[in-house]
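For reference, input-v6.cif (mmCIF, N, CA and C atoms):
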```
data_structure
#
loop_
_atom_site.label_atom_id
_atom_site.label_comp_id
_atom_site.auth_asym_id
_atom_site.auth_seq_id
_atom_site.Cartn_x
_atom_site.Cartn_y
_atom_site.Cartn_z
N MET A 11 -21.34 -44.95 -16.88
CA MET A 11 -21.88 -43.68 -17.32
C MET A 11 -22.09 -42.73 -16.13
N GLN A 12 -22.65 -43.27 -15.03
CA GLN A 12 -22.90 -42.42 -13.87
C GLN A 12 -21.59 -41.97 -13.23
N ALA A 13 -20.58 -42.82 -13.21
CA ALA A 13 -19.30 -42.43 -12.64
C ALA A 13 -18.66 -41.32 -13.45
N ALA A 14 -18.76 -41.42 -14.76
CA ALA A 14 -18.21 -40.37 -15.62
C ALA A 14 -18.98 -39.06 -15.43
N MET A 15 -20.29 -39.14 -15.28
CA MET A 15 -21.09 -37.95 -15.08
C MET A 15 -20.78 -37.31 -13.73
N GLY A 16 -20.55 -38.12 -12.71
CA GLY A 16 -20.19 -37.60 -11.40
C GLY A 16 -18.84 -36.89 -11.42
N ARG A 17 -17.89 -37.47 -12.17
CA ARG A 17 -16.58 -36.85 -12.31
C ARG A 17 -16.69 -35.51 -13.03
N GLU A 18 -17.50 -35.47 -14.07
CA GLU A 18 -17.69 -34.23 -14.83
C GLU A 18 -18.33 -33.17 -13.94
N TYR A 19 -19.29 -33.56 -13.11
CA TYR A 19 -19.94 -32.64 -12.19
C TYR A 19 -18.92 -32.05 -11.21
N ALA A 20 -18.04 -32.90 -10.69
CA ALA A 20 -17.03 -32.43 -9.74
C ALA A 20 -16.06 -31.46 -10.41
N ILE A 21 -15.69 -31.74 -11.63
CA ILE A 21 -14.78 -30.85 -12.35
C ILE A 21 -15.45 -29.51 -12.61
N ASN A 22 -16.72 -29.51 -12.96
CA ASN A 22 -17.43 -28.27 -13.26
C ASN A 22 -17.60 -27.39 -12.03
N ILE A 23 -17.68 -27.97 -10.86
CA ILE A 23 -17.82 -27.17 -9.64
C ILE A 23 -16.53 -26.38 -9.40
N VAL A 24 -15.40 -26.99 -9.67
CA VAL A 24 -14.12 -26.36 -9.37
C VAL A 24 -13.78 -25.27 -10.39
N ARG A 25 -14.13 -25.47 -11.65
CA ARG A 25 -13.77 -24.52 -12.69
C ARG A 25 -14.49 -23.20 -12.53
N PRO A 26 -13.78 -22.06 -12.55
CA PRO A 26 -14.44 -20.75 -12.48
C PRO A 26 -15.36 -20.50 -13.66
N ALA A 27 -15.02 -21.03 -14.83
CA ALA A 27 -15.86 -20.83 -16.01
C ALA A 27 -17.22 -21.49 -15.81
N ALA A 28 -17.24 -22.59 -15.09
CA ALA A 28 -18.52 -23.28 -14.85
C ALA A 28 -19.42 -22.44 -13.97
N ARG A 29 -18.83 -21.70 -13.01
CA ARG A 29 -19.65 -20.84 -12.17
C ARG A 29 -20.25 -19.71 -12.98
N ALA A 30 -19.52 -19.23 -13.98
CA ALA A 30 -20.01 -18.13 -14.80
C ALA A 30 -21.17 -18.57 -15.68
N SER A 31 -21.21 -19.84 -16.01
CA SER A 31 -22.28 -20.31 -16.88
C SER A 31 -23.25 -21.19 -16.11
N ALA A 32 -23.62 -20.76 -14.93
CA ALA A 32 -24.54 -21.55 -14.09
C ALA A 32 -25.90 -21.71 -14.73
N ALA A 33 -26.38 -20.68 -15.40
CA ALA A 33 -27.68 -20.77 -16.06
C ALA A 33 -27.64 -21.82 -17.17
N HIS A 34 -26.55 -21.87 -17.90
CA HIS A 34 -26.38 -22.86 -18.96
C HIS A 34 -26.37 -24.26 -18.37
N ALA A 35 -25.66 -24.44 -17.26
CA ALA A 35 -25.57 -25.75 -16.63
C ALA A 35 -26.92 -26.19 -16.07
N LEU A 36 -27.67 -25.26 -15.49
CA LEU A 36 -28.98 -25.61 -14.96
C LEU A 36 -29.93 -25.99 -16.08
N ALA A 37 -29.77 -25.38 -17.25
CA ALA A 37 -30.63 -25.70 -18.38
C ALA A 37 -30.41 -27.13 -18.84
N PHE A 38 -29.22 -27.68 -18.63
CA PHE A 38 -28.93 -29.04 -19.05
C PHE A 38 -28.94 -30.03 -17.89
N GLY A 39 -29.56 -29.65 -16.77
CA GLY A 39 -29.78 -30.58 -15.68
C GLY A 39 -28.65 -30.71 -14.68
N ARG A 40 -27.64 -29.88 -14.76
CA ARG A 40 -26.56 -29.94 -13.77
C ARG A 40 -26.81 -28.86 -12.73
N CYS A 41 -26.51 -29.19 -11.50
CA CYS A 41 -26.69 -28.23 -10.41
C CYS A 41 -25.32 -27.83 -9.89
N ILE A 42 -24.98 -26.55 -10.03
CA ILE A 42 -23.69 -26.05 -9.58
C ILE A 42 -23.93 -25.04 -8.46
N PRO A 43 -23.54 -25.36 -7.23
CA PRO A 43 -23.76 -24.41 -6.13
C PRO A 43 -22.90 -23.17 -6.30
N MET A 44 -23.49 -22.00 -6.04
CA MET A 44 -22.78 -20.73 -6.15
C MET A 44 -21.93 -20.46 -4.91
N PHE A 45 -22.41 -20.86 -3.74
CA PHE A 45 -21.69 -20.69 -2.49
C PHE A 45 -21.58 -22.04 -1.82
N PRO A 46 -20.56 -22.24 -1.01
CA PRO A 46 -20.52 -23.49 -0.25
C PRO A 46 -21.71 -23.53 0.71
N VAL A 47 -22.16 -24.71 0.99
CA VAL A 47 -23.26 -24.85 1.94
C VAL A 47 -22.77 -24.50 3.33
N MET A 48 -23.67 -24.47 4.28
CA MET A 48 -23.35 -24.06 5.63
C MET A 48 -22.16 -24.86 6.18
N MET A 49 -21.22 -24.14 6.77
CA MET A 49 -20.01 -24.77 7.29
C MET A 49 -19.83 -24.38 8.76
N LYS A 50 -19.76 -25.37 9.62
CA LYS A 50 -19.47 -25.13 11.03
C LYS A 50 -17.98 -24.82 11.17
N LEU A 51 -17.67 -23.82 11.98
CA LEU A 51 -16.27 -23.47 12.20
C LEU A 51 -15.65 -24.41 13.22
N SER A 52 -14.40 -24.73 13.01
CA SER A 52 -13.69 -25.57 13.98
C SER A 52 -13.28 -24.71 15.17
N LEU A 53 -12.84 -25.36 16.23
CA LEU A 53 -12.39 -24.65 17.42
C LEU A 53 -11.18 -23.77 17.10
N VAL A 54 -10.30 -24.26 16.25
CA VAL A 54 -9.10 -23.51 15.88
C VAL A 54 -9.49 -22.25 15.11
N GLU A 55 -10.43 -22.35 14.16
CA GLU A 55 -10.88 -21.19 13.40
C GLU A 55 -11.55 -20.17 14.31
N ASP A 56 -12.40 -20.67 15.22
CA ASP A 56 -13.07 -19.79 16.18
C ASP A 56 -12.06 -19.03 17.02
N GLN A 57 -11.08 -19.73 17.55
CA GLN A 57 -10.09 -19.08 18.41
C GLN A 57 -9.14 -18.17 17.62
N ALA A 58 -8.89 -18.48 16.36
CA ALA A 58 -8.04 -17.60 15.53
C ALA A 58 -8.75 -16.27 15.29
N ILE A 59 -10.04 -16.32 15.02
CA ILE A 59 -10.81 -15.08 14.84
C ILE A 59 -10.83 -14.29 16.14
N GLN A 60 -11.06 -14.97 17.25
CA GLN A 60 -11.06 -14.30 18.55
C GLN A 60 -9.72 -13.63 18.85
N ALA A 61 -8.63 -14.31 18.55
CA ALA A 61 -7.30 -13.76 18.84
C ALA A 61 -7.04 -12.50 18.02
N ARG A 62 -7.39 -12.53 16.75
CA ARG A 62 -7.15 -11.35 15.91
C ARG A 62 -8.04 -10.18 16.32
N ILE A 63 -9.28 -10.47 16.70
CA ILE A 63 -10.18 -9.39 17.14
C ILE A 63 -9.71 -8.84 18.48
N ALA A 64 -9.17 -9.69 19.35
CA ALA A 64 -8.63 -9.21 20.62
C ALA A 64 -7.48 -8.24 20.39
N PHE A 65 -6.66 -8.52 19.39
CA PHE A 65 -5.55 -7.63 19.05
C PHE A 65 -6.08 -6.29 18.54
N ILE A 66 -7.14 -6.32 17.72
CA ILE A 66 -7.71 -5.10 17.15
C ILE A 66 -8.45 -4.28 18.21
N ALA A 67 -9.28 -4.94 19.00
CA ALA A 67 -10.14 -4.24 19.96
C ALA A 67 -9.39 -3.79 21.21
N GLY A 68 -8.38 -4.53 21.59
CA GLY A 68 -7.67 -4.24 22.84
C GLY A 68 -8.22 -5.11 23.96
N ALA A 69 -7.42 -5.29 24.99
CA ALA A 69 -7.75 -6.22 26.06
C ALA A 69 -9.01 -5.84 26.83
N GLU A 70 -9.11 -4.57 27.24
CA GLU A 70 -10.27 -4.16 28.04
C GLU A 70 -11.58 -4.27 27.26
N THR A 71 -11.56 -3.79 26.04
CA THR A 71 -12.77 -3.85 25.22
C THR A 71 -13.14 -5.30 24.91
N PHE A 72 -12.14 -6.11 24.59
CA PHE A 72 -12.41 -7.51 24.29
C PHE A 72 -13.02 -8.21 25.49
N ASP A 73 -12.45 -7.99 26.68
CA ASP A 73 -12.98 -8.64 27.88
C ASP A 73 -14.39 -8.16 28.21
N ARG A 74 -14.69 -6.91 27.92
CA ARG A 74 -16.01 -6.36 28.23
C ARG A 74 -17.07 -6.82 27.24
N ILE A 75 -16.75 -6.77 25.96
CA ILE A 75 -17.77 -7.04 24.93
C ILE A 75 -17.74 -8.48 24.42
N PHE A 76 -16.55 -8.99 24.15
CA PHE A 76 -16.43 -10.28 23.46
C PHE A 76 -16.32 -11.48 24.39
N ALA A 77 -16.39 -11.29 25.69
CA ALA A 77 -16.27 -12.43 26.61
C ALA A 77 -17.39 -13.43 26.32
N GLY A 78 -17.02 -14.66 26.08
CA GLY A 78 -18.00 -15.72 25.84
C GLY A 78 -18.52 -15.81 24.42
N ILE A 79 -17.94 -15.06 23.48
CA ILE A 79 -18.42 -15.12 22.10
C ILE A 79 -17.96 -16.41 21.44
N ARG A 80 -18.78 -16.90 20.53
CA ARG A 80 -18.43 -18.09 19.75
C ARG A 80 -18.76 -17.81 18.29
N PHE A 81 -17.79 -17.96 17.43
CA PHE A 81 -18.03 -17.83 16.00
C PHE A 81 -18.43 -19.22 15.52
N ASP A 82 -19.68 -19.35 15.13
CA ASP A 82 -20.30 -20.65 14.99
C ASP A 82 -20.23 -21.24 13.59
N GLU A 83 -20.72 -20.51 12.59
CA GLU A 83 -20.80 -21.11 11.26
C GLU A 83 -20.79 -20.04 10.17
N VAL A 84 -20.50 -20.48 8.97
CA VAL A 84 -20.52 -19.63 7.79
C VAL A 84 -21.53 -20.23 6.83
N ASP A 85 -22.41 -19.37 6.33
CA ASP A 85 -23.41 -19.80 5.34
C ASP A 85 -23.29 -18.85 4.16
N GLY A 86 -22.64 -19.29 3.09
CA GLY A 86 -22.39 -18.42 1.96
C GLY A 86 -21.40 -17.35 2.35
N ASN A 87 -21.85 -16.10 2.34
CA ASN A 87 -20.96 -15.01 2.75
C ASN A 87 -21.37 -14.41 4.09
N LEU A 88 -22.16 -15.15 4.87
CA LEU A 88 -22.60 -14.73 6.20
C LEU A 88 -21.83 -15.48 7.28
N LEU A 89 -21.33 -14.75 8.26
CA LEU A 89 -20.71 -15.36 9.44
C LEU A 89 -21.65 -15.19 10.61
N PHE A 90 -21.98 -16.28 11.28
CA PHE A 90 -22.87 -16.24 12.44
C PHE A 90 -22.04 -16.39 13.71
N ALA A 91 -22.28 -15.48 14.65
CA ALA A 91 -21.59 -15.51 15.94
C ALA A 91 -22.63 -15.50 17.05
N ILE A 92 -22.27 -16.08 18.18
CA ILE A 92 -23.15 -16.15 19.34
C ILE A 92 -22.50 -15.37 20.47
N ALA A 93 -23.14 -14.29 20.92
CA ALA A 93 -22.64 -13.46 22.02
C ALA A 93 -23.38 -13.82 23.30
N ARG A 94 -22.84 -13.35 24.44
CA ARG A 94 -23.42 -13.76 25.72
C ARG A 94 -24.78 -13.13 26.01
N ASP A 95 -25.04 -11.90 25.52
CA ASP A 95 -26.35 -11.28 25.73
C ASP A 95 -26.66 -10.32 24.58
N GLU A 96 -27.86 -9.77 24.64
CA GLU A 96 -28.35 -8.92 23.55
C GLU A 96 -27.57 -7.61 23.42
N ASP A 97 -27.18 -7.01 24.55
CA ASP A 97 -26.43 -5.75 24.52
C ASP A 97 -25.06 -5.94 23.87
N CYS A 98 -24.37 -7.01 24.24
CA CYS A 98 -23.07 -7.29 23.63
C CYS A 98 -23.21 -7.59 22.14
N ALA A 99 -24.24 -8.33 21.77
CA ALA A 99 -24.47 -8.65 20.36
C ALA A 99 -24.68 -7.38 19.54
N ALA A 100 -25.48 -6.46 20.06
CA ALA A 100 -25.74 -5.21 19.35
C ALA A 100 -24.47 -4.36 19.24
N GLU A 101 -23.70 -4.28 20.32
CA GLU A 101 -22.48 -3.48 20.29
C GLU A 101 -21.43 -4.08 19.35
N ILE A 102 -21.33 -5.40 19.32
CA ILE A 102 -20.38 -6.06 18.41
C ILE A 102 -20.76 -5.78 16.96
N GLU A 103 -22.04 -5.92 16.64
CA GLU A 103 -22.49 -5.65 15.27
C GLU A 103 -22.26 -4.20 14.88
N ASP A 104 -22.54 -3.28 15.79
CA ASP A 104 -22.40 -1.85 15.47
C ASP A 104 -20.94 -1.43 15.33
N ALA A 105 -20.08 -1.88 16.24
CA ALA A 105 -18.73 -1.35 16.30
C ALA A 105 -17.68 -2.21 15.58
N PHE A 106 -17.92 -3.51 15.44
CA PHE A 106 -16.85 -4.38 14.97
C PHE A 106 -17.24 -5.29 13.80
N SER A 107 -18.39 -5.08 13.17
CA SER A 107 -18.80 -6.00 12.11
C SER A 107 -17.86 -5.95 10.91
N HIS A 108 -17.39 -4.77 10.54
CA HIS A 108 -16.47 -4.69 9.40
C HIS A 108 -15.15 -5.38 9.71
N GLN A 109 -14.59 -5.13 10.88
CA GLN A 109 -13.34 -5.77 11.27
C GLN A 109 -13.49 -7.29 11.34
N LEU A 110 -14.63 -7.74 11.87
CA LEU A 110 -14.89 -9.19 11.95
C LEU A 110 -14.96 -9.81 10.56
N ALA A 111 -15.60 -9.11 9.62
CA ALA A 111 -15.70 -9.64 8.25
C ALA A 111 -14.32 -9.75 7.61
N VAL A 112 -13.47 -8.76 7.81
CA VAL A 112 -12.13 -8.79 7.24
C VAL A 112 -11.30 -9.91 7.87
N VAL A 113 -11.35 -10.02 9.18
CA VAL A 113 -10.58 -11.07 9.89
C VAL A 113 -11.08 -12.45 9.49
N ALA A 114 -12.39 -12.65 9.45
CA ALA A 114 -12.94 -13.96 9.09
C ALA A 114 -12.57 -14.34 7.66
N THR A 115 -12.55 -13.37 6.75
CA THR A 115 -12.15 -13.63 5.37
C THR A 115 -10.71 -14.12 5.34
N GLN A 116 -9.84 -13.50 6.12
CA GLN A 116 -8.43 -13.91 6.15
C GLN A 116 -8.25 -15.29 6.78
N VAL A 117 -8.94 -15.54 7.89
CA VAL A 117 -8.76 -16.80 8.61
C VAL A 117 -9.38 -17.97 7.84
N LEU A 118 -10.58 -17.77 7.30
CA LEU A 118 -11.30 -18.87 6.66
C LEU A 118 -10.92 -19.08 5.20
N GLY A 119 -10.34 -18.07 4.59
CA GLY A 119 -9.97 -18.21 3.19
C GLY A 119 -11.13 -18.15 2.23
N GLN A 120 -12.24 -17.61 2.66
CA GLN A 120 -13.39 -17.40 1.78
C GLN A 120 -14.03 -16.07 2.15
N SER A 121 -14.76 -15.51 1.22
CA SER A 121 -15.31 -14.18 1.41
C SER A 121 -16.41 -14.17 2.47
N VAL A 122 -16.26 -13.28 3.44
CA VAL A 122 -17.30 -13.04 4.44
C VAL A 122 -17.65 -11.56 4.34
N ASP A 123 -18.89 -11.27 3.97
CA ASP A 123 -19.33 -9.90 3.78
C ASP A 123 -20.19 -9.37 4.93
N VAL A 124 -20.93 -10.26 5.56
CA VAL A 124 -21.89 -9.86 6.59
C VAL A 124 -21.66 -10.70 7.84
N VAL A 125 -21.66 -10.02 8.99
CA VAL A 125 -21.53 -10.71 10.27
C VAL A 125 -22.84 -10.54 11.03
N VAL A 126 -23.43 -11.67 11.42
CA VAL A 126 -24.68 -11.67 12.19
C VAL A 126 -24.35 -12.16 13.59
N VAL A 127 -24.59 -11.31 14.58
CA VAL A 127 -24.29 -11.68 15.97
C VAL A 127 -25.61 -11.86 16.70
N LEU A 128 -25.83 -13.05 17.18
CA LEU A 128 -27.06 -13.38 17.91
C LEU A 128 -26.76 -13.53 19.39
N PRO A 129 -27.70 -13.13 20.24
CA PRO A 129 -27.50 -13.39 21.67
C PRO A 129 -27.66 -14.87 21.98
N LYS A 130 -27.01 -15.33 23.01
CA LYS A 130 -27.04 -16.76 23.38
C LYS A 130 -28.46 -17.25 23.64
N VAL A 131 -29.34 -16.35 24.08
CA VAL A 131 -30.72 -16.72 24.38
C VAL A 131 -31.44 -17.19 23.11
N LEU A 132 -31.16 -16.57 21.97
CA LEU A 132 -31.84 -16.91 20.72
C LEU A 132 -31.17 -18.03 19.96
N GLN A 133 -30.15 -18.62 20.50
CA GLN A 133 -29.39 -19.65 19.81
C GLN A 133 -30.21 -20.85 19.49
#
```
Starting from the file, give its structure as structure tokens.
Amino acid sequence: MQAAMGREYAINIVRPAARASAAHALAFGRCIPMFPVMMKLSLVEDQAIQARIAFIAGAETFDRIFAGIRFDEVDGNLLFAIARDEDCAAEIEDAFSHQLAVVATQVLGQSVDVVVVLPKVLQ
């Protein structure tokens, strides 16, 4: 019985219709996550985002602002990045957050709407 229930739970997570009826599923004791839980980015994903942003920003700007950046994890539709200092973090968020969200969505294959850039000190 438990194996069958586990299989049914796995099928319901994948089906788009199950996501639409999350309230119905919760009423009957099933828990269907709306977003994937926190996901650490691999080195390849991190470097793919960096390469595409380097192409968009240009070499001089990338070397000045993005030197030492690490795209760390995705939590739902939030992308967390670690910059070398507070000034670079603020400039990246102000000037490149939209481009970063678009690039991360393409590279990761999931929706990224908000980019949060933290300085390395607050990591």
Option closest in space to A:Ala114, from A:Ile75, A:Leu88, A:Ile59, A:Ile66 [counting only C-alpha atoms]: A:Ile59
Selection result for the PyMOL selection byres (((chain A and resi 50 and name CA) around 12) and name CA) on this file, as a PyMOL selection string: chain A and resi 46-49+51-56+80-86+88-91+118
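Closest approach to A:Val131 among A:Ile79, A:Ala100, A:Ala67, A:Ile92 is made by A:Ile92 (distances from all atoms listed in the file).
Minimum atom-to-atom distance to A:Val112, evaluated using only C-alpha atoms, belongs to A:Val125 out of A:Phe72, A:Phe65, A:Val125, A:Gly78.
Computed from the coordinates, the atom CA of A:Ala77 to atom C of A:Asp97 distance equals 11.3 Å.
Atom CA of A:Arg94 is positioned 17.4 Å from atom CA of A:Ala69.
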Atom-to-atom span, atom CA of A:Thr71 and atom N of A:Gly119, Å: 25.2 Å
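For A:Phe106, the non-local neighbours within 9 Å, defined as residues at least 5 positions apart in the same chain or in other chains and counting only C-alpha atoms, are Ile63, Ala67, Glu101 and Ala111 of chain A.
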Draw an axis-aligned box over all listed atoms of stretch 69-81 of chain A, pad each side with 5 Å, and write its centre and edge lengths in Å, one decimal, as AutoDock Vina command-line options.
```
--center_x -13.1 --center_y -11.5 --center_z 21.9 --size_x 21.4 --size_y 25.4 --size_z 22.7
```
Cut-off 8 Å around (-18.6, -13.0, 1.1) with all atoms listed in the file: residues as a PyMOL selection string: chain A and resi 86-89+115+120-124
Expected answer as a ChimeraX atom specification: helix (DSSP H, G or I) residues in stretch 37-133 of chain A: /A:37,53-67,69-75,96-118,130-132
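Nearest residue to A:His108, choosing from A:Glu70, A:Val126, A:Ala58, A:Glu96 and counting only C-alpha atoms: A:Val126.
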Reconstructed stretch 70-82 of chain A, atom set N, CA, C and O atoms, as a PDB file, in the coordinates of the input:
```
ATOM      1  N   GLU A  70      -9.110  -4.570  27.240  1.00  0.00           N
ATOM      2  CA  GLU A  70     -10.270  -4.160  28.040  1.00  0.00           C
ATOM      3  C   GLU A  70     -11.580  -4.270  27.260  1.00  0.00           C
ATOM      4  O   GLU A  70     -12.576  -4.775  27.779  1.00  0.00           O
ATOM      5  N   THR A  71     -11.560  -3.790  26.040  1.00  0.00           N
ATOM      6  CA  THR A  71     -12.770  -3.850  25.220  1.00  0.00           C
ATOM      7  C   THR A  71     -13.140  -5.300  24.910  1.00  0.00           C
ATOM      8  O   THR A  71     -14.303  -5.679  24.957  1.00  0.00           O
ATOM      9  N   PHE A  72     -12.140  -6.110  24.590  1.00  0.00           N
ATOM     10  CA  PHE A  72     -12.410  -7.510  24.290  1.00  0.00           C
ATOM     11  C   PHE A  72     -13.020  -8.210  25.490  1.00  0.00           C
ATOM     12  O   PHE A  72     -13.996  -8.953  25.355  1.00  0.00           O
ATOM     13  N   ASP A  73     -12.450  -7.990  26.680  1.00  0.00           N
ATOM     14  CA  ASP A  73     -12.980  -8.640  27.880  1.00  0.00           C
ATOM     15  C   ASP A  73     -14.390  -8.160  28.210  1.00  0.00           C
ATOM     16  O   ASP A  73     -15.196  -8.928  28.725  1.00  0.00           O
ATOM     17  N   ARG A  74     -14.690  -6.910  27.920  1.00  0.00           N
ATOM     18  CA  ARG A  74     -16.010  -6.360  28.230  1.00  0.00           C
ATOM     19  C   ARG A  74     -17.070  -6.820  27.240  1.00  0.00           C
ATOM     20  O   ARG A  74     -18.153  -7.240  27.629  1.00  0.00           O
ATOM     21  N   ILE A  75     -16.750  -6.770  25.960  1.00  0.00           N
ATOM     22  CA  ILE A  75     -17.770  -7.040  24.930  1.00  0.00           C
ATOM     23  C   ILE A  75     -17.740  -8.480  24.420  1.00  0.00           C
ATOM     24  O   ILE A  75     -18.786  -9.102  24.256  1.00  0.00           O
ATOM     25  N   PHE A  76     -16.550  -8.990  24.150  1.00  0.00           N
ATOM     26  CA  PHE A  76     -16.430 -10.280  23.460  1.00  0.00           C
ATOM     27  C   PHE A  76     -16.320 -11.480  24.390  1.00  0.00           C
ATOM     28  O   PHE A  76     -16.169 -12.598  23.896  1.00  0.00           O
ATOM     29  N   ALA A  77     -16.390 -11.290  25.690  1.00  0.00           N
ATOM     30  CA  ALA A  77     -16.270 -12.430  26.610  1.00  0.00           C
ATOM     31  C   ALA A  77     -17.390 -13.430  26.320  1.00  0.00           C
ATOM     32  O   ALA A  77     -18.567 -13.089  26.277  1.00  0.00           O
ATOM     33  N   GLY A  78     -17.020 -14.660  26.080  1.00  0.00           N
ATOM     34  CA  GLY A  78     -18.000 -15.720  25.840  1.00  0.00           C
ATOM     35  C   GLY A  78     -18.520 -15.810  24.420  1.00  0.00           C
ATOM     36  O   GLY A  78     -19.446 -16.562  24.141  1.00  0.00           O
ATOM     37  N   ILE A  79     -17.940 -15.060  23.480  1.00  0.00           N
ATOM     38  CA  ILE A  79     -18.420 -15.120  22.100  1.00  0.00           C
ATOM     39  C   ILE A  79     -17.960 -16.410  21.440  1.00  0.00           C
ATOM     40  O   ILE A  79     -16.922 -16.972  21.800  1.00  0.00           O
ATOM     41  N   ARG A  80     -18.780 -16.900  20.530  1.00  0.00           N
ATOM     42  CA  ARG A  80     -18.430 -18.090  19.750  1.00  0.00           C
ATOM     43  C   ARG A  80     -18.760 -17.810  18.290  1.00  0.00           C
ATOM     44  O   ARG A  80     -19.879 -17.433  17.973  1.00  0.00           O
ATOM     45  N   PHE A  81     -17.790 -17.960  17.430  1.00  0.00           N
ATOM     46  CA  PHE A  81     -18.030 -17.830  16.000  1.00  0.00           C
ATOM     47  C   PHE A  81     -18.430 -19.220  15.520  1.00  0.00           C
ATOM     48  O   PHE A  81     -17.629 -20.142  15.522  1.00  0.00           O
ATOM     49  N   ASP A  82     -19.680 -19.350  15.130  1.00  0.00           N
ATOM     50  CA  ASP A  82     -20.300 -20.650  14.990  1.00  0.00           C
ATOM     51  C   ASP A  82     -20.230 -21.240  13.590  1.00  0.00           C
ATOM     52  O   ASP A  82     -19.777 -22.355  13.412  1.00  0.00           O
TER      53      ASP A  82
END
```
